[in-house]
Amino acid sequence: MGKSGKKRSKKSKAPVPLAPPSAMKSRRVARVTTTLFHQYTRERDLAQKRGDAAAVAAAEQKIEEMGGREAYQKASQLNTSHHSTSKWVLGVLGARGWLQGMGDEKKSSDVADSAASLLSRKGKVPKRNARLLEVGAINRELLDASVRTRKRKIDETNETADERVYRLDCRAIDLRSSQPGIEEADFLQLPLVDADPCQRYDAIVCSMVINCVPNAPDRGRMLALLYHQLRPGGLCFLTLPRLCLTQSKYVTTDLFRSMLTDLDGVGFELVKERISPKVAFFVLKRPDEVVGTANQSKWRRLNSQFTKKPVINKAKKFRNEFGVVLDEEEVNGKLF
């Protein structure tokens with residue numbers, strides 16, 4: 001109370017718009033925006049499945065009113081700015097020596113990398129640039145890193161020339177490009193980059209994308225494509241919201257990990273896993289294969305648990321709809 005005995009009235013705060021025209025600065029607004037975008041797109045997809053045109057139109061109107069995909073992309077940029085995907089990816093690739101060039105993949109990749117490293121020090125093996133694909137790119141950080149240059153002294157006269165900092169070729173795609181240099185492409189419809197598995201990508205980054213895929217079979221297709229777009233020994237950097245694994249009706253962290261890494265699942269090897277309070281991080285490796293061996297053509301049967309989407313968490317707190325369904329032909333690469 002003040003001296004007059006009257007209560008001080010609190011100033012009412014103006015509502016924060018969900019989709020401001022400039023770049024988002026509020027993490028709270030960004031969280032609300034991403035939540036609403038996923039909620040409304042899920043409503044639209046379910047309405048489309050039911051054939052309910054009125055509900056589809058209503059959901060699309062909600063998406064437009066909250067700023068649409070443009071607002072969602074701005075929110076994602078702010079959310080991911082607090083964890084630099086590019087720094088994480090470049091750190092892992094740099095620790096493996098891949099940013100200084102790649103060796104021959106005609107052998108198993110670990111043998112190739114160590115042999116190339118040894119021979120390159122003797123000046124006997126030419127190296128190529130590492131090939132990286134970023135799926136669902138919302139910024140140019142990896143693209144910019146791939147073309148970053150530095151000055152190099154070329155002779156005793158102190159003459160210099162520009163050279164690239166990293167031996168890295170980067171391709172970035174998204175359904176709707178938000179930055180110059182990012183291609184508009186649907187990863188689920190992307191043909192294999194090369195018929196020869198050894199000529200495919202060395203690394204694929206799929207950060208906070210699989211949770212945006214609208215249905216469980218397409219999420220399974222995405223995981224299978226991530227595997228088959230990689231060369232043997234290649235790495236996949238996969239992230240998704242932690243709540244997709246801890247509050248889903250259909251998935252647990254253990255089940256998702258098994259789906260990724262079991263031989264009767266997608267078949268990745270788990271290099272590293274970290275579950276933060278908000279995000280689940282996975283570094284996955286396509287197993288090494290020696291070219292020409294029988295292992296390359298062996299058909300893998302899937303665990304029936306991975307080909308269905310039953311409700312496994314029935315308590316009320318499990319409200320998340322995230323689920324994944326694998327297809328045996330896709331996992332074996334026969335539909336790509």
# chains A, B, ... in the order shown; residues from 1 in each chain; ligands from 1
call {"tool": "closest_atom_pairs", "arguments": {"of": "region 144-219 of chain A", "to": "region 308-316 of chain A", "cutoff": "12 Å", "atoms": "only C-alpha atoms", "output": "JSON lines"}}
result
{"residue": "A:Asn215", "atom": "CA", "partner": "A:Lys309", "partner_atom": "CA", "distance": 10.8}
{"residue": "A:Ala216", "atom": "CA", "partner": "A:Lys309", "partner_atom": "CA", "distance": 7.9}
{"residue": "A:Pro217", "atom": "CA", "partner": "A:Lys308", "partner_atom": "CA", "distance": 9.3}
{"residue": "A:Arg219", "atom": "CA", "partner": "A:Lys309", "partner_atom": "CA", "distance": 12.0}
call {"tool": "select_by_dssp", "arguments": {"residues": "region 105-258 of chain A", "states": "strand (DSSP E)", "output": "count of residues only"}}
result
44
call {"tool": "residues_around", "arguments": {"residues": "Cys206 (chain A)", "least_positions_apart": "4", "cutoff": "9 Å", "atoms": "only C-alpha atoms", "output": "list in words"}}
result
Leu133, Glu134, Val135, Gly136, Ala137, Ile210, Leu226, Cys236, Phe237, Leu238, Thr239 and Leu240 of chain A
call {"tool": "write_last_selection", "arguments": {"atoms": "N, CA and C atoms", "output": "mmCIF file, in the first residue's frame"}}
result
data_model
loop_
_atom_site.group_PDB
_atom_site.id
_atom_site.type_symbol
_atom_site.label_atom_id
_atom_site.label_comp_id
_atom_site.auth_asym_id
_atom_site.auth_seq_id
_atom_site.Cartn_x
_atom_site.Cartn_y
_atom_site.Cartn_z
ATOM 1 N N LEU A 133 25.061 -33.388 -46.610
ATOM 2 C CA LEU A 133 23.697 -32.966 -46.937
ATOM 3 C C LEU A 133 23.013 -32.504 -45.659
ATOM 4 N N GLU A 134 22.445 -31.291 -45.683
ATOM 5 C CA GLU A 134 21.657 -30.811 -44.555
ATOM 6 C C GLU A 134 20.181 -30.820 -44.944
ATOM 7 N N VAL A 135 19.387 -31.578 -44.203
ATOM 8 C CA VAL A 135 17.952 -31.719 -44.465
ATOM 9 C C VAL A 135 17.190 -30.750 -43.565
ATOM 10 N N GLY A 136 16.257 -30.003 -44.151
ATOM 11 C CA GLY A 136 15.483 -29.047 -43.357
ATOM 12 C C GLY A 136 16.318 -27.873 -42.888
ATOM 13 N N ALA A 137 17.187 -27.377 -43.756
ATOM 14 C CA ALA A 137 18.081 -26.275 -43.379
ATOM 15 C C ALA A 137 17.287 -24.990 -43.148
ATOM 16 N N ILE A 210 12.496 -34.638 -38.272
ATOM 17 C CA ILE A 210 11.650 -35.833 -38.277
ATOM 18 C C ILE A 210 10.365 -35.610 -37.486
ATOM 19 N N LEU A 226 17.719 -41.751 -44.713
ATOM 20 C CA LEU A 226 18.936 -41.244 -44.079
ATOM 21 C C LEU A 226 20.032 -42.304 -44.123
ATOM 22 N N CYS A 236 25.168 -39.848 -39.587
ATOM 23 C CA CYS A 236 23.911 -39.107 -39.555
ATOM 24 C C CYS A 236 23.817 -38.375 -38.227
ATOM 25 N N PHE A 237 23.539 -37.075 -38.284
ATOM 26 C CA PHE A 237 23.336 -36.248 -37.094
ATOM 27 C C PHE A 237 21.830 -36.008 -36.972
ATOM 28 N N LEU A 238 21.206 -36.666 -36.009
ATOM 29 C CA LEU A 238 19.753 -36.636 -35.875
ATOM 30 C C LEU A 238 19.361 -36.009 -34.540
ATOM 31 N N THR A 239 18.470 -35.020 -34.571
ATOM 32 C CA THR A 239 17.944 -34.455 -33.336
ATOM 33 C C THR A 239 16.428 -34.366 -33.445
ATOM 34 N N LEU A 240 15.766 -34.422 -32.281
ATOM 35 C CA LEU A 240 14.325 -34.243 -32.204
ATOM 36 C C LEU A 240 13.972 -33.805 -30.788
#
call {"tool": "residues_around", "arguments": {"residues": "Gln100 (chain A)", "least_positions_apart": "3", "cutoff": "7 Å", "atoms": "only C-alpha atoms", "output": "PyMOL selection string"}}
result
chain A and resi 97+166-167
call {"tool": "atom_distance", "arguments": {"atom1": "CA of Arg221 (chain A)", "atom2": "CA of Val325 (chain A)"}}
result
8.2 Å
call {"tool": "closest_residue", "arguments": {"among": "A:Ala195, A:Leu142, A:Val213, A:Val324", "to": "Leu245 (chain A)", "atoms": "only C-alpha atoms"}}
result
A:Val324
call {"tool": "atom_distance", "arguments": {"atom1": "CA of Met66 (chain A)", "atom2": "CA of Thr33 (chain A)"}}
result
7.2 Å
